[in-house]
Amino acid sequence: MKTQKIGILLANLGTPDAPTTSAVKRYLKQFLSDPRVIDLPKTKWQTILNLFILPKRSPRVAKLYQSIWTDQGSPLLAISRQQQKALQSYFDAKNQSIIVELGMSYGNPSMESALEKLTQQQVDKIIVLPLYPQYSSTTTASVFDAFADALKKQRRIVPFEFIHSYHDDPLYIQALANTIQLAEDELLLFSFHGIPKRYETEGDFYADHCRETAELVAKQLGLSAEKWCVTFQSRFGDEEWLQPYTDETLSSFPAKGIKKVAVICAGFSADCLETLEEIAEENKENFIHAGGESYRYIPALNASGDHIKTLIKLIEACI
């Protein structure tokens, strides 16, 4: 009997090719043109995007990327490559016919290029693993759309499985808990990427996933209710987003007597601009300026052993 060859498609959001205004503008245009992300009427939104948002936002975001860029490029891409390599090494060591490729919803390597590599190697099945523990229409569903669009260009579509979410997976919860060591007087803040409140009202269960993740980790750590909280970051535009907001919450803490915090971004599988700059730097400055005394950012799971074990379990459950 022929050994089945499996293709693993690791998927994440994406990143600019370089920390330059032109590269960031190109990336933001693709990202913000996705109706899963911004669902305003297309003609109206494209006018606003091209005439106002991209010219103003691209240079500012490029400077932020410059502050976190590494010799290996974007942290998100570098870490994603480490995850890919660790998974490939594991399956190779077990002599399994499994090929791991990386594809991004926006930017490079594209979903189309990742699928093409797997097709060229004649895999018999594909497992798509979006690196978003909590489902959201703005992220997980965007991966599905990008994968489906790539499939449209393929003559030979092999069977595939799509991993929907893993927000409550025991290994994932334990991996997060293992990264957290709180001082007695520290408050643990879970900061998740926000989405418009309207999306939740219309059926996106992302907020429920986020809160459940936080509750499970807090329970695993034996934390009382006053020792942790959940907030949402990175809001964009004038529309109401999921609350409470991370920046406003952190700035308000010192006046309430909360002077020491540890912040974990449990929804991010890899450190990126939103964690390394927005949380580790910008919000730290705001908190200290407001009277805070101690602020710690707890890194994402990245390519840690516990994280790789979690991803292996998710993949093996589909083989």
# chains A, B, ... in the order shown; residues from 1 in each chain; ligands from 1

$ select_by_dssp --residues "range 82-318 of chain A" --states "helix (DSSP H, G or I)" --output "PyMOL selection string"
chain A and resi 82-93+111-120+140-151+170-178+197-201+206-221+225-227+246-252+254-256+273-289+305-316

$ residues_around --residues "Tyr245 in chain A" --least-positions-apart "2" --cutoff "12 Å" --atoms "only C-alpha atoms" --output "list in words"
Leu189, Phe190, Ser191, Phe192, His193, Gly194, Ile195, Pro196, Lys197, Cys229, Val230, Thr231, Phe232, Gln233, Ser234, Arg235, Phe236, Glu240, Trp241, Leu242, Gln243, Asp247, Glu248, Thr249, Leu250, Ser251, Ser252 and Asn283 of chain A

$ select_by_dssp --residues "range 34-175 of chain A" --states "strand (DSSP E or B)" --output "PyMOL selection string"
chain A and resi 70+73+98-107+110+125-130+160-162

$ write_last_selection --atoms "C-alpha atoms" --output "PDB file, in the first residue's frame"
ATOM      1  CA  THR A  70      15.764  42.024  12.538  1.00  0.00           C
ATOM      2  CA  GLY A  73      13.593  40.332   8.450  1.00  0.00           C
ATOM      3  CA  ILE A  98       5.004  14.997   5.692  1.00  0.00           C
ATOM      4  CA  ILE A  99       5.933  18.304   4.081  1.00  0.00           C
ATOM      5  CA  VAL A 100       5.460  21.594   5.942  1.00  0.00           C
ATOM      6  CA  GLU A 101       5.034  24.829   4.001  1.00  0.00           C
ATOM      7  CA  LEU A 102       4.281  28.373   5.134  1.00  0.00           C
ATOM      8  CA  GLY A 103       1.689  30.638   3.544  1.00  0.00           C
ATOM      9  CA  MET A 104       0.441  34.102   4.471  1.00  0.00           C
ATOM     10  CA  SER A 105      -2.970  35.619   3.873  1.00  0.00           C
ATOM     11  CA  TYR A 106      -1.259  38.854   2.797  1.00  0.00           C
ATOM     12  CA  GLY A 107       2.239  39.453   1.496  1.00  0.00           C
ATOM     13  CA  SER A 110       1.682  33.833  -0.358  1.00  0.00           C
ATOM     14  CA  LYS A 125      -3.785  15.383   1.415  1.00  0.00           C
ATOM     15  CA  ILE A 126      -3.393  18.892   2.827  1.00  0.00           C
ATOM     16  CA  ILE A 127      -3.919  20.008   6.409  1.00  0.00           C
ATOM     17  CA  VAL A 128      -4.375  23.773   6.755  1.00  0.00           C
ATOM     18  CA  LEU A 129      -3.386  25.080  10.190  1.00  0.00           C
ATOM     19  CA  PRO A 130      -4.169  28.776  10.716  1.00  0.00           C
ATOM     20  CA  PHE A 160      -7.903  18.694   2.737  1.00  0.00           C
ATOM     21  CA  GLU A 161      -8.721  19.445   6.349  1.00  0.00           C
ATOM     22  CA  PHE A 162      -8.951  22.902   7.860  1.00  0.00           C
TER      23      PHE A 162
END

$ residues_around --residues "Phe31 in chain A" --least-positions-apart "4" --cutoff "10 Å" --atoms "only C-alpha atoms" --output "ChimeraX atom specification"
/A:13-15,25-27,35-38,105-107,142

$ closest_residue --among "A:Thr246, A:Ala207, A:Asp238, A:Glu293" --to "Ile279 in chain A" --atoms "only C-alpha atoms"
A:Thr246

$ residues_around --residues "Asp149 in chain A" --least-positions-apart "4" --cutoff "12 Å" --atoms "only C-alpha atoms" --output "list in words"
Ser105, Ser110, Met111, Glu112, Ser113, Leu115, Ser142, Val143, Phe144, Asp145, Lys153 and Gln154 of chain A

$ residues_around --residues "range 214-223 of chain A" --least-positions-apart "5" --cutoff "12 Å" --atoms "only C-alpha atoms" --output "ChimeraX atom specification"
/A:133-134,167-184,186-192,207-209,228-231,263-267

$ closest_residue --among "A:Leu10, A:Ile157, A:Ile48, A:Ile298" --to "Ile315 in chain A" --atoms "only C-alpha atoms"
A:Leu10

$ closest_residue --among "A:Ala290, A:Cys272, A:Ala317, A:Ala225" --to "Ala255 in chain A" --atoms "only C-alpha atoms"
A:Ala290

$ decode --residues "range 94-228 of chain A" --atoms "C-alpha atoms" --output "PDB file, in the first residue's frame"
ATOM      1  CA  LYS A  94       9.994  10.084  12.548  1.00  0.00           C
ATOM      2  CA  ASN A  95      10.514   9.238   8.863  1.00  0.00           C
ATOM      3  CA  GLN A  96       7.013  10.435   8.075  1.00  0.00           C
ATOM      4  CA  SER A  97       6.148  11.557   4.582  1.00  0.00           C
ATOM      5  CA  ILE A  98       5.004  14.997   5.692  1.00  0.00           C
ATOM      6  CA  ILE A  99       5.933  18.304   4.081  1.00  0.00           C
ATOM      7  CA  VAL A 100       5.460  21.594   5.942  1.00  0.00           C
ATOM      8  CA  GLU A 101       5.034  24.829   4.001  1.00  0.00           C
ATOM      9  CA  LEU A 102       4.281  28.373   5.134  1.00  0.00           C
ATOM     10  CA  GLY A 103       1.689  30.638   3.544  1.00  0.00           C
ATOM     11  CA  MET A 104       0.441  34.102   4.471  1.00  0.00           C
ATOM     12  CA  SER A 105      -2.970  35.619   3.873  1.00  0.00           C
ATOM     13  CA  TYR A 106      -1.259  38.854   2.797  1.00  0.00           C
ATOM     14  CA  GLY A 107       2.239  39.453   1.496  1.00  0.00           C
ATOM     15  CA  ASN A 108       4.894  36.770   1.043  1.00  0.00           C
ATOM     16  CA  PRO A 109       5.180  33.830   1.071  1.00  0.00           C
ATOM     17  CA  SER A 110       1.682  33.833  -0.358  1.00  0.00           C
ATOM     18  CA  MET A 111      -0.922  31.163   0.181  1.00  0.00           C
ATOM     19  CA  GLU A 112      -0.815  30.475  -3.546  1.00  0.00           C
ATOM     20  CA  SER A 113       2.947  29.869  -3.520  1.00  0.00           C
ATOM     21  CA  ALA A 114       2.681  27.533  -0.516  1.00  0.00           C
ATOM     22  CA  LEU A 115      -0.072  25.512  -2.156  1.00  0.00           C
ATOM     23  CA  GLU A 116       1.903  25.360  -5.400  1.00  0.00           C
ATOM     24  CA  LYS A 117       4.915  23.903  -3.553  1.00  0.00           C
ATOM     25  CA  LEU A 118       2.767  21.221  -1.965  1.00  0.00           C
ATOM     26  CA  THR A 119       1.114  20.441  -5.314  1.00  0.00           C
ATOM     27  CA  GLN A 120       4.485  20.117  -7.038  1.00  0.00           C
ATOM     28  CA  GLN A 121       5.493  17.535  -4.450  1.00  0.00           C
ATOM     29  CA  GLN A 122       2.304  15.594  -5.220  1.00  0.00           C
ATOM     30  CA  VAL A 123       0.878  15.428  -1.711  1.00  0.00           C
ATOM     31  CA  ASP A 124      -2.178  13.239  -1.262  1.00  0.00           C
ATOM     32  CA  LYS A 125      -3.785  15.383   1.415  1.00  0.00           C
ATOM     33  CA  ILE A 126      -3.393  18.892   2.827  1.00  0.00           C
ATOM     34  CA  ILE A 127      -3.919  20.008   6.409  1.00  0.00           C
ATOM     35  CA  VAL A 128      -4.375  23.773   6.755  1.00  0.00           C
ATOM     36  CA  LEU A 129      -3.386  25.080  10.190  1.00  0.00           C
ATOM     37  CA  PRO A 130      -4.169  28.776  10.716  1.00  0.00           C
ATOM     38  CA  LEU A 131      -1.958  29.963  13.551  1.00  0.00           C
ATOM     39  CA  TYR A 132      -4.886  31.654  15.286  1.00  0.00           C
ATOM     40  CA  PRO A 133      -5.952  29.797  18.457  1.00  0.00           C
ATOM     41  CA  GLN A 134      -9.198  31.777  18.644  1.00  0.00           C
ATOM     42  CA  TYR A 135     -11.415  31.760  15.559  1.00  0.00           C
ATOM     43  CA  SER A 136     -12.319  35.086  13.994  1.00  0.00           C
ATOM     44  CA  SER A 137     -13.879  35.907  10.665  1.00  0.00           C
ATOM     45  CA  THR A 138     -11.141  38.545  10.275  1.00  0.00           C
ATOM     46  CA  THR A 139      -8.277  36.045  10.587  1.00  0.00           C
ATOM     47  CA  THR A 140      -9.192  32.354  10.379  1.00  0.00           C
ATOM     48  CA  ALA A 141     -11.861  32.926   7.757  1.00  0.00           C
ATOM     49  CA  SER A 142      -9.446  35.101   5.775  1.00  0.00           C
ATOM     50  CA  VAL A 143      -7.033  32.155   5.688  1.00  0.00           C
ATOM     51  CA  PHE A 144      -9.850  29.965   4.393  1.00  0.00           C
ATOM     52  CA  ASP A 145     -10.667  32.533   1.694  1.00  0.00           C
ATOM     53  CA  ALA A 146      -7.024  32.809   0.628  1.00  0.00           C
ATOM     54  CA  PHE A 147      -6.679  29.015   0.528  1.00  0.00           C
ATOM     55  CA  ALA A 148      -9.918  28.687  -1.468  1.00  0.00           C
ATOM     56  CA  ASP A 149      -8.757  31.357  -3.921  1.00  0.00           C
ATOM     57  CA  ALA A 150      -5.487  29.480  -4.394  1.00  0.00           C
ATOM     58  CA  LEU A 151      -7.396  26.240  -4.985  1.00  0.00           C
ATOM     59  CA  LYS A 152      -9.308  27.887  -7.825  1.00  0.00           C
ATOM     60  CA  LYS A 153      -6.090  27.901  -9.845  1.00  0.00           C
ATOM     61  CA  GLN A 154      -5.430  24.200  -9.283  1.00  0.00           C
ATOM     62  CA  ARG A 155      -6.649  21.449 -11.580  1.00  0.00           C
ATOM     63  CA  ARG A 156      -5.851  18.727  -9.067  1.00  0.00           C
ATOM     64  CA  ILE A 157      -7.502  19.425  -5.726  1.00  0.00           C
ATOM     65  CA  VAL A 158      -6.581  16.804  -3.156  1.00  0.00           C
ATOM     66  CA  PRO A 159      -8.569  16.134   0.031  1.00  0.00           C
ATOM     67  CA  PHE A 160      -7.903  18.694   2.737  1.00  0.00           C
ATOM     68  CA  GLU A 161      -8.721  19.445   6.349  1.00  0.00           C
ATOM     69  CA  PHE A 162      -8.951  22.902   7.860  1.00  0.00           C
ATOM     70  CA  ILE A 163      -8.237  23.335  11.565  1.00  0.00           C
ATOM     71  CA  HIS A 164     -10.859  25.751  12.814  1.00  0.00           C
ATOM     72  CA  SER A 165      -9.455  26.797  16.220  1.00  0.00           C
ATOM     73  CA  TYR A 166      -7.690  25.495  19.306  1.00  0.00           C
ATOM     74  CA  HIS A 167      -8.498  28.117  21.920  1.00  0.00           C
ATOM     75  CA  ASP A 168      -9.293  25.522  24.599  1.00  0.00           C
ATOM     76  CA  ASP A 169      -6.823  22.795  23.669  1.00  0.00           C
ATOM     77  CA  PRO A 170      -5.217  21.474  26.896  1.00  0.00           C
ATOM     78  CA  LEU A 171      -1.678  21.528  25.483  1.00  0.00           C
ATOM     79  CA  TYR A 172      -2.118  25.106  24.286  1.00  0.00           C
ATOM     80  CA  ILE A 173      -3.491  26.190  27.664  1.00  0.00           C
ATOM     81  CA  GLN A 174      -0.637  24.455  29.464  1.00  0.00           C
ATOM     82  CA  ALA A 175       1.924  25.999  27.108  1.00  0.00           C
ATOM     83  CA  LEU A 176       0.612  29.471  27.939  1.00  0.00           C
ATOM     84  CA  ALA A 177       0.525  28.722  31.651  1.00  0.00           C
ATOM     85  CA  ASN A 178       4.119  27.519  31.541  1.00  0.00           C
ATOM     86  CA  THR A 179       5.278  30.938  30.300  1.00  0.00           C
ATOM     87  CA  ILE A 180       3.647  32.824  33.178  1.00  0.00           C
ATOM     88  CA  GLN A 181       5.351  33.365  36.511  1.00  0.00           C
ATOM     89  CA  LEU A 182       3.655  36.129  38.444  1.00  0.00           C
ATOM     90  CA  ALA A 183       5.068  38.069  41.338  1.00  0.00           C
ATOM     91  CA  GLU A 184       2.715  38.211  44.309  1.00  0.00           C
ATOM     92  CA  ASP A 185       1.651  41.804  43.640  1.00  0.00           C
ATOM     93  CA  GLU A 186       1.413  41.592  39.822  1.00  0.00           C
ATOM     94  CA  LEU A 187      -1.833  41.617  37.876  1.00  0.00           C
ATOM     95  CA  LEU A 188      -1.983  39.435  34.752  1.00  0.00           C
ATOM     96  CA  LEU A 189      -3.541  41.171  31.755  1.00  0.00           C
ATOM     97  CA  PHE A 190      -4.568  39.104  28.724  1.00  0.00           C
ATOM     98  CA  SER A 191      -4.485  41.405  25.699  1.00  0.00           C
ATOM     99  CA  PHE A 192      -6.151  40.009  22.582  1.00  0.00           C
ATOM    100  CA  HIS A 193      -6.324  41.679  19.194  1.00  0.00           C
ATOM    101  CA  GLY A 194      -9.647  43.477  18.880  1.00  0.00           C
ATOM    102  CA  ILE A 195     -12.365  43.298  16.258  1.00  0.00           C
ATOM    103  CA  PRO A 196     -15.339  45.619  15.719  1.00  0.00           C
ATOM    104  CA  LYS A 197     -18.045  44.982  18.286  1.00  0.00           C
ATOM    105  CA  ARG A 198     -20.510  44.713  15.423  1.00  0.00           C
ATOM    106  CA  TYR A 199     -18.762  41.585  14.144  1.00  0.00           C
ATOM    107  CA  GLU A 200     -19.471  39.828  17.435  1.00  0.00           C
ATOM    108  CA  THR A 201     -23.105  40.929  17.282  1.00  0.00           C
ATOM    109  CA  GLU A 202     -23.334  39.480  13.777  1.00  0.00           C
ATOM    110  CA  GLY A 203     -22.128  36.066  14.913  1.00  0.00           C
ATOM    111  CA  ASP A 204     -18.329  36.063  15.202  1.00  0.00           C
ATOM    112  CA  PHE A 205     -17.571  34.086  18.363  1.00  0.00           C
ATOM    113  CA  TYR A 206     -13.993  35.351  18.672  1.00  0.00           C
ATOM    114  CA  ALA A 207     -14.631  37.234  21.924  1.00  0.00           C
ATOM    115  CA  ASP A 208     -16.024  34.109  23.561  1.00  0.00           C
ATOM    116  CA  HIS A 209     -12.963  32.143  22.481  1.00  0.00           C
ATOM    117  CA  CYS A 210     -10.648  34.796  23.906  1.00  0.00           C
ATOM    118  CA  ARG A 211     -12.388  34.926  27.255  1.00  0.00           C
ATOM    119  CA  GLU A 212     -12.490  31.143  27.483  1.00  0.00           C
ATOM    120  CA  THR A 213      -8.753  30.922  26.794  1.00  0.00           C
ATOM    121  CA  ALA A 214      -8.035  33.445  29.545  1.00  0.00           C
ATOM    122  CA  GLU A 215     -10.349  31.701  32.004  1.00  0.00           C
ATOM    123  CA  LEU A 216      -8.719  28.328  31.373  1.00  0.00           C
ATOM    124  CA  VAL A 217      -5.198  29.719  31.801  1.00  0.00           C
ATOM    125  CA  ALA A 218      -6.186  31.573  34.974  1.00  0.00           C
ATOM    126  CA  LYS A 219      -7.737  28.387  36.325  1.00  0.00           C
ATOM    127  CA  GLN A 220      -4.619  26.417  35.431  1.00  0.00           C
ATOM    128  CA  LEU A 221      -2.548  28.958  37.380  1.00  0.00           C
ATOM    129  CA  GLY A 222      -4.999  29.045  40.284  1.00  0.00           C
ATOM    130  CA  LEU A 223      -5.533  32.803  39.970  1.00  0.00           C
ATOM    131  CA  SER A 224      -8.353  34.524  41.795  1.00  0.00           C
ATOM    132  CA  ALA A 225     -10.632  36.850  39.819  1.00  0.00           C
ATOM    133  CA  GLU A 226      -8.900  40.027  41.006  1.00  0.00           C
ATOM    134  CA  LYS A 227      -5.509  38.790  39.776  1.00  0.00           C
ATOM    135  CA  TRP A 228      -6.274  38.824  36.040  1.00  0.00           C
TER     136      TRP A 228
END
